[in-house]
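S.K.: Okay, so here is query19.cif, and as you'll see once you scroll down, it has mmCIF, C-alpha atoms.
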data_target
loop_
_atom_site.label_atom_id
_atom_site.label_comp_id
_atom_site.auth_asym_id
_atom_site.auth_seq_id
_atom_site.Cartn_x
_atom_site.Cartn_y
_atom_site.Cartn_z
CA MET B 13 0.14 -4.82 22.02
CA PHE B 14 0.59 -1.26 23.37
CA ASP B 15 1.92 0.09 26.67
CA TYR B 16 0.29 3.49 26.20
CA ARG B 17 -3.46 3.92 25.79
CA ARG B 18 -2.75 6.98 23.68
CA THR B 19 -0.98 5.03 20.89
CA PRO B 20 -4.09 4.18 18.77
CA TYR B 21 -5.31 7.77 19.15
CA LEU B 22 -1.91 9.18 18.28
CA GLY B 23 -2.17 7.00 15.17
CA LEU B 24 -5.32 8.92 14.25
CA VAL B 25 -3.42 12.20 14.45
CA TYR B 26 -0.65 10.88 12.22
CA ALA B 27 -3.28 9.42 9.86
CA ALA B 28 -4.94 12.82 9.56
CA ALA B 29 -1.59 14.40 8.69
CA ILE B 30 -0.71 11.68 6.15
CA GLY B 31 -4.20 11.70 4.64
CA PHE B 32 -4.16 15.48 4.29
CA ALA B 33 -0.68 15.49 2.76
CA VAL B 34 -1.48 12.74 0.25
CA THR B 35 -4.83 14.19 -0.86
CA TYR B 36 -3.23 17.65 -1.11
CA LEU B 37 -0.42 16.28 -3.28
CA ILE B 38 -2.44 14.12 -5.68
CA GLU B 39 -5.81 15.85 -6.00
CA THR B 40 -6.21 17.72 -9.26
CA PRO B 41 -8.58 20.71 -9.61
CA ASP B 42 -10.57 19.05 -12.40
CA ARG B 43 -11.21 15.93 -10.30
CA PRO B 44 -11.93 16.90 -6.71
CA LEU B 45 -12.16 13.93 -4.35
CA THR B 46 -15.62 13.09 -3.06
CA LEU B 47 -16.17 12.76 0.66
CA ALA B 48 -16.19 8.95 0.37
CA GLN B 49 -12.96 8.93 -1.66
CA MET B 50 -11.31 11.21 0.86
CA ALA B 51 -12.49 8.89 3.65
CA ILE B 52 -10.76 5.98 1.91
CA PHE B 53 -7.47 7.88 1.98
CA TYR B 54 -7.86 8.80 5.64
CA VAL B 55 -8.79 5.22 6.62
CA LEU B 56 -5.82 3.77 4.71
CA SER B 57 -3.55 6.43 6.20
CA TYR B 58 -4.34 4.99 9.61
CA LEU B 59 -2.16 1.96 8.76
CA PRO B 60 1.15 3.87 8.47
CA GLY B 61 -0.14 6.38 11.03
CA LEU B 62 -0.54 3.65 13.61
CA GLY B 63 2.95 2.40 12.76
CA LEU B 64 4.42 5.85 13.37
CA ALA B 65 2.57 6.05 16.69
CA MET B 66 3.90 2.61 17.63
CA LEU B 67 7.45 3.94 17.26
CA SER B 68 6.95 5.99 20.43
CA ASP B 69 5.37 3.09 22.34
CA PRO B 70 7.76 0.76 24.22
CA ALA B 71 5.75 -2.46 23.63
CA PRO B 72 6.43 -2.91 19.88
CA GLY B 73 10.12 -2.16 20.42
CA ARG B 74 10.23 -4.67 23.25
CA ALA B 75 8.56 -7.29 21.07
CA LYS B 76 11.11 -6.66 18.33
CA ALA B 77 13.99 -6.99 20.80
CA GLU B 78 12.57 -10.29 22.09
CA TYR B 79 12.07 -11.70 18.59
CA LEU B 80 15.59 -10.68 17.58
CA LYS B 81 16.97 -13.01 20.27
CA VAL B 82 15.53 -16.07 18.54
CA ASP B 83 16.80 -17.70 15.36
CA TYR B 84 13.56 -18.83 13.74
CA TYR B 85 15.48 -20.64 11.01
CA ALA B 86 17.65 -22.77 13.28
CA PRO B 87 17.58 -26.48 12.39
CA LYS B 88 14.98 -28.35 14.41
CA GLU B 89 16.29 -30.78 17.01
CA PRO B 90 15.32 -34.38 16.29
CA ALA B 91 12.63 -35.71 18.60
CA ARG B 92 13.94 -37.84 21.43
CA PRO B 93 12.79 -41.44 21.39
CA ALA B 94 10.41 -42.35 24.21
CA GLU B 95 12.07 -44.25 27.01
CA MET C 9 10.54 -21.90 19.03
CA PRO C 10 6.97 -21.70 17.61
CA PRO C 11 6.24 -24.09 14.74
CA GLN C 12 6.05 -22.56 11.28
CA LYS C 13 2.88 -24.43 10.41
CA GLY C 14 0.22 -23.40 7.94
CA TRP C 15 0.36 -21.30 4.83
CA THR C 16 -0.34 -17.90 6.35
CA ALA C 17 1.52 -15.48 4.14
CA VAL C 18 3.68 -12.92 5.88
CA GLN C 19 3.78 -9.30 4.74
CA VAL C 20 0.49 -8.41 3.07
CA GLY C 21 2.18 -5.24 1.84
CA HIS C 22 3.57 -7.32 -1.05
CA VAL C 23 0.03 -7.40 -2.51
CA ALA C 24 -0.20 -3.59 -2.57
CA LEU C 25 3.32 -3.31 -3.97
CA ALA C 26 2.62 -5.83 -6.73
CA VAL C 27 -0.55 -4.03 -7.84
CA THR C 28 1.32 -0.71 -7.72
CA ILE C 29 4.08 -2.12 -9.96
CA ALA C 30 1.41 -3.38 -12.39
CA SER C 31 -0.07 0.12 -12.41
CA PHE C 32 3.28 1.42 -13.64
CA ALA C 33 3.63 -1.27 -16.35
CA PRO C 34 3.47 1.18 -19.32
CA GLU C 35 6.09 3.46 -17.77
CA ILE C 36 8.40 0.57 -16.83
CA THR C 37 8.22 -1.16 -20.21
CA GLY C 38 8.33 2.16 -22.07
CA ALA C 39 11.46 3.29 -20.24
CA ALA C 40 13.16 -0.02 -21.08
CA GLY C 41 12.35 0.35 -24.76
CA VAL C 42 10.33 -2.86 -25.00
CA PRO C 43 6.70 -3.20 -26.16
CA ARG C 44 4.46 -1.42 -23.66
CA VAL C 45 2.18 -3.38 -21.38
CA LYS C 46 -1.10 -1.75 -20.35
CA ALA C 47 -1.43 -0.61 -16.74
CA LEU C 48 -3.32 -3.03 -14.52
CA SER C 49 -4.11 -5.29 -17.47
CA VAL C 50 -4.50 -9.01 -16.84
CA GLU C 51 -1.10 -9.49 -18.48
CA SER C 52 0.65 -6.99 -16.23
CA LEU C 53 -1.03 -8.28 -13.07
CA VAL C 54 -0.24 -11.95 -13.81
CA VAL C 55 3.39 -11.30 -14.75
CA VAL C 56 4.03 -8.92 -11.86
CA PHE C 57 2.31 -11.07 -9.22
CA LEU C 58 4.10 -14.25 -10.31
CA ALA C 59 7.48 -12.52 -10.44
CA HIS C 60 6.94 -10.55 -7.25
CA TYR C 61 5.96 -13.65 -5.28
CA LEU C 62 8.47 -15.95 -6.96
CA PRO C 63 11.18 -15.41 -4.29
CA ASN C 64 8.76 -16.57 -1.59
CA PHE C 65 7.98 -19.77 -3.49
CA ASP C 66 11.11 -21.06 -1.74
CA VAL C 67 8.69 -21.98 1.04
CA PHE C 68 7.26 -24.82 -1.09
CA PRO C 69 10.36 -27.08 -0.94
CA ILE C 70 10.57 -26.34 2.80
CA LYS C 71 6.94 -27.32 3.35
CA LEU C 72 7.47 -30.47 1.29
CA GLY C 73 10.43 -31.39 3.45
CA TRP C 74 12.95 -31.09 0.64
CA ALA C 75 14.84 -28.20 2.25
CA THR C 76 15.45 -26.78 5.70
CA ASP C 77 13.95 -23.53 6.99
CA ARG C 78 17.25 -21.80 6.17
CA PHE C 79 16.47 -22.20 2.46
CA HIS C 80 13.99 -19.33 2.83
CA CYS C 81 15.46 -15.96 1.83
CA SER C 82 18.50 -17.55 0.24
CA TYR C 83 19.09 -18.10 -3.49
CA SER C 84 15.67 -16.78 -4.50
CA HIS C 85 16.40 -13.48 -2.78
CA SER C 86 19.58 -12.63 -4.68
CA LEU C 87 20.16 -10.22 -7.55
CA PRO C 88 21.74 -12.92 -9.77
CA PHE C 89 18.45 -14.87 -9.39
CA ALA C 90 16.47 -11.82 -10.53
CA VAL C 91 18.76 -11.35 -13.52
CA ALA C 92 18.54 -15.06 -14.37
CA VAL C 93 14.73 -14.98 -14.33
CA ALA C 94 14.69 -11.90 -16.55
CA ALA C 95 17.25 -13.43 -18.91
CA ALA C 96 15.17 -16.62 -19.16
CA LEU C 97 12.05 -14.63 -20.04
CA TRP C 98 13.72 -12.24 -22.49
CA PRO C 99 13.71 -14.53 -25.57
CA PHE C 100 9.99 -15.24 -25.12
CA ASN C 101 8.74 -11.78 -24.15
CA PRO C 102 11.09 -8.84 -23.39
CA SER C 103 8.26 -6.89 -21.72
CA TRP C 104 7.64 -9.72 -19.28
CA ALA C 105 11.39 -9.91 -18.61
CA VAL C 106 11.56 -6.22 -17.72
CA LEU C 107 8.44 -6.37 -15.55
CA ALA C 108 9.75 -9.48 -13.79
CA LEU C 109 13.13 -7.87 -13.10
CA VAL C 110 11.53 -4.77 -11.59
CA SER C 111 9.06 -6.89 -9.56
CA LEU C 112 11.84 -9.08 -8.19
CA VAL C 113 14.12 -6.19 -7.28
CA LEU C 114 11.25 -4.37 -5.56
CA HIS C 115 10.46 -7.57 -3.65
CA PHE C 116 14.00 -7.41 -2.29
CA VAL C 117 13.58 -3.71 -1.43
CA ALA C 118 10.36 -4.53 0.44
CA ASP C 119 12.11 -7.32 2.35
CA SER C 120 15.18 -5.22 3.15
CA GLY C 121 13.76 -4.11 6.49
CA SER C 122 13.59 -7.67 7.79
CA SER C 123 16.27 -8.82 10.20
CA VAL C 124 16.71 -12.09 8.30
CA GLY C 125 18.80 -10.16 5.77
CA LEU C 126 18.97 -10.72 2.06
CA PRO C 127 21.95 -12.49 0.46
CA LEU C 128 21.75 -10.19 -2.55
CA LEU C 129 25.04 -11.35 -4.06
CA LEU C 130 24.54 -15.10 -3.61
CA PRO C 131 26.19 -17.33 -4.92
CA PHE C 132 29.16 -14.95 -5.14
CA SER C 133 28.95 -13.77 -1.54
CA LYS C 134 27.02 -14.98 1.51
CA LYS C 135 26.87 -11.49 3.01
CA ARG C 136 23.34 -10.58 4.07
CA PHE C 137 21.94 -7.06 3.79
CA SER C 138 19.29 -5.71 6.15
CA LEU C 139 18.01 -2.40 7.45
CA TYR C 140 16.87 -4.21 10.65
CA LEU C 141 13.58 -2.34 10.80
CA TRP C 142 11.70 -5.37 12.11
CA ALA C 143 12.59 -8.79 13.52
CA ASP C 144 11.97 -11.73 11.23
CA THR C 145 9.96 -14.45 12.96
CA GLY C 146 9.77 -17.15 10.32
CA HIS C 147 8.68 -17.72 6.75
CA SER C 148 5.06 -18.70 7.31
CA GLY C 149 2.43 -19.59 9.86
CA TRP C 150 0.16 -17.67 12.18
CA PHE C 151 2.90 -16.85 14.71
CA ALA C 152 5.11 -15.28 12.04
CA PHE C 153 2.16 -13.27 10.74
CA LYS C 154 1.01 -12.07 14.16
CA SER C 155 4.47 -11.20 15.45
CA THR C 156 5.35 -9.30 12.27
CA TYR C 157 2.45 -6.94 12.89
CA GLN C 158 3.33 -6.43 16.54
CA GLN C 159 6.22 -4.31 15.27
CA ALA C 160 6.01 -0.69 14.20
CA TRP C 161 7.89 -0.51 10.93
CA THR C 162 5.84 -3.19 9.20
CA TRP C 163 2.78 -0.97 9.67
CA VAL C 164 4.66 2.08 8.41
CA THR C 165 6.09 0.47 5.28
CA GLU C 166 3.28 -1.90 4.31
CA GLY C 167 0.48 0.43 5.36
CA GLY C 168 2.18 3.21 3.46
CA MET C 169 2.19 0.99 0.39
CA PHE C 170 -1.62 0.77 0.49
CA VAL C 171 -1.82 4.58 0.59
CA VAL C 172 0.48 4.76 -2.45
CA LEU C 173 -1.71 2.20 -4.23
CA ALA C 174 -4.83 4.27 -3.51
CA ALA C 175 -3.05 7.31 -4.96
CA ARG C 176 -2.28 5.31 -8.12
CA PHE C 177 -5.92 4.24 -8.36
CA TYR C 178 -6.91 7.91 -8.21
CA GLN C 179 -4.38 8.84 -10.90
CA LEU C 180 -5.53 5.99 -13.17
CA ARG C 181 -9.25 6.55 -12.40
CA VAL C 182 -9.66 3.03 -11.10
CA TRP C 183 -12.67 2.24 -8.91
CA PRO C 184 -13.50 3.73 -6.41
CA PHE C 185 -11.68 6.77 -7.78
CA ASN C 186 -13.24 6.77 -11.27
#
Go ahead and render the structure in this file as structure tokens.
M.R.:
Amino acid sequence: MFDYRRTPYLGLVYAAAIGFAVTYLIETPDRPLTLAQMAIFYVLSYLPGLGLAMLSDPAPGRAKAEYLKVDYYAPKEPARPAE
Amino acid sequence: MPPQKGWTAVQVGHVALAVTIASFAPEITGAAGVPRVKALSVESLVVVFLAHYLPNFDVFPIKLGWATDRFHCSYSHSLPFAVAVAAALWPFNPSWAVLALVSLVLHFVADSGSSVGLPLLLPFSKKRFSLYLWADTGHSGWFAFKSTYQQAWTWVTEGGMFVVLAARFYQLRVWPFN
């Protein structure tokens, strides 16, 4: 899935940045997030974080390029009768 | 070409988006001047989920053999379809009509990154609109599901939607943020 071993780890870095930004933006002083609630945000942030890391990895881009070559909605050819 | 067998739904981000729309139900209905629907109520969730997934119900006639694969992302993914659904609901419940319209339009926004392209003006124009963020690999089936998540932007957009949903849960004091 990845060409670089660093990609999943880079995703963690992006996740930390996203998680920090989101908790900073939404947290209100009267309702501080608990450690568990903050963990939920950081875990969920790994999803877009991994995606951002994948942008700098050649494998996902290569997969996209390969898939773009195929028309997955093309009419199916009728099966040939057995001879 | 891999067979599009099975009912594996593509793009799980639609679930997060639908719940997020339902969380904004009072704001959406209030802004439209129709009776307000409570956030994340059963009513809002049912209406939003049905409307949000309605465009993808075009898979049913394909699976039943009544239409070809090309029927996916055609008439059900056009703005006139969204307006028609809202217009049909309006006489029965204007709030449902407004929620359905927003849910349908946001379904199209969520799909706009797919290379299949959306014929937003069908039947008036066949032109397809796409941001080409990821390659479309079919309407259903395990291959379509797996290959969708081998691409970067699906993780960015759909994963990001789950973060937004968590933020809404915090704002609305929904478990586990109560």
S.K.: Have a look at B:Arg43, B:Lys88, B:Val82, B:Leu59 and name the one nearest to chain C; count all atoms listed in the file.
M.R.: B:Leu59
S.K.: Translate the PyMOL selection byres ((chain C) within 7 of (chain B)) into a concrete residue list for this structure, as an NGL selection string.
M.R.: :C and (9 or 77-78 or 142-143 or 145-146 or 158-161 or 163-165 or 167-168 or 170-171 or 175 or 185)
S.K.: Provide an axis-aligned box for all listed atoms of range 21-27 of chain B, padding each side by 3 Å; report its centre and its edge lengths in Å to one decimal, as lines of an AutoDock Vina configuration file.
M.R.:
center_x = -3.0
center_y = 9.6
center_z = 14.5
size_x = 10.7
size_y = 11.2
size_z = 15.3
S.K.: Rounded to one decimal in Å, what is the spacing between CA of Tyr61 in chain C and CA of Cys81 in chain C?
M.R.: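 Taking CA of Tyr61 in chain C and CA of Cys81 in chain C, their separation equals 12.1 Å.
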S.K.: List as a ChimeraX atom specification the protein and nucleic acid residues near Ser31 in chain C, meaning an atom at most 9 Å away when only C-alpha atoms are counted, but skip any in the same chain fewer than 4 places from it.
M.R.: /C:26-27,35,46-49,52-53,173,176-177,180
S.K.: Work out how far CA of Leu58 in chain C is from CA of Ser111 in chain C, in Å to one decimal.
M.R.: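 Computed distance, CA of Ser111 in chain C to CA of Leu58 in chain C, equals 8.9 Å.
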S.K.: I'd like the contact shell of Val113 in chain C - 12 Å cut-off, all atoms listed in the file, skipping same-chain residues fewer than 5 positions apart - returned as a list in words.
M.R.: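 These residues fall inside the cut-off: Leu25, Ala26, Ile29, Val56, Ala59, His60, Tyr61, Leu62, Pro63, Ser84, His85, Ser86, Leu87, Pro88, Phe89, Ala90, Val91, Val93, Ala94, Val106, Leu107, Ala108, Ala118, Asp119, Ser120, Leu126 and Leu128 of chain C.
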S.K.: List the residues selected by the PyMOL selection byres ((chain C and resi 136) around 12) in the file shown, writing them as a list of chain:residue names.
M.R.: C:Cys81, C:Ser82, C:Tyr83, C:His85, C:Ser86, C:Phe116, C:Asp119, C:Ser120, C:Gly121, C:Ser122, C:Ser123, C:Val124, C:Gly125, C:Leu126, C:Pro127, C:Leu128, C:Leu129, C:Leu130, C:Pro131, C:Phe132, C:Ser133, C:Lys134, C:Lys135, C:Phe137, C:Ser138, C:Leu139, C:Tyr140
S.K.: What is the CA of Val54 in chain C-CA of Ala96 in chain C distance in Å, reported with one decimal?
M.R.: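 These atoms are spaced 17.0 Å apart.
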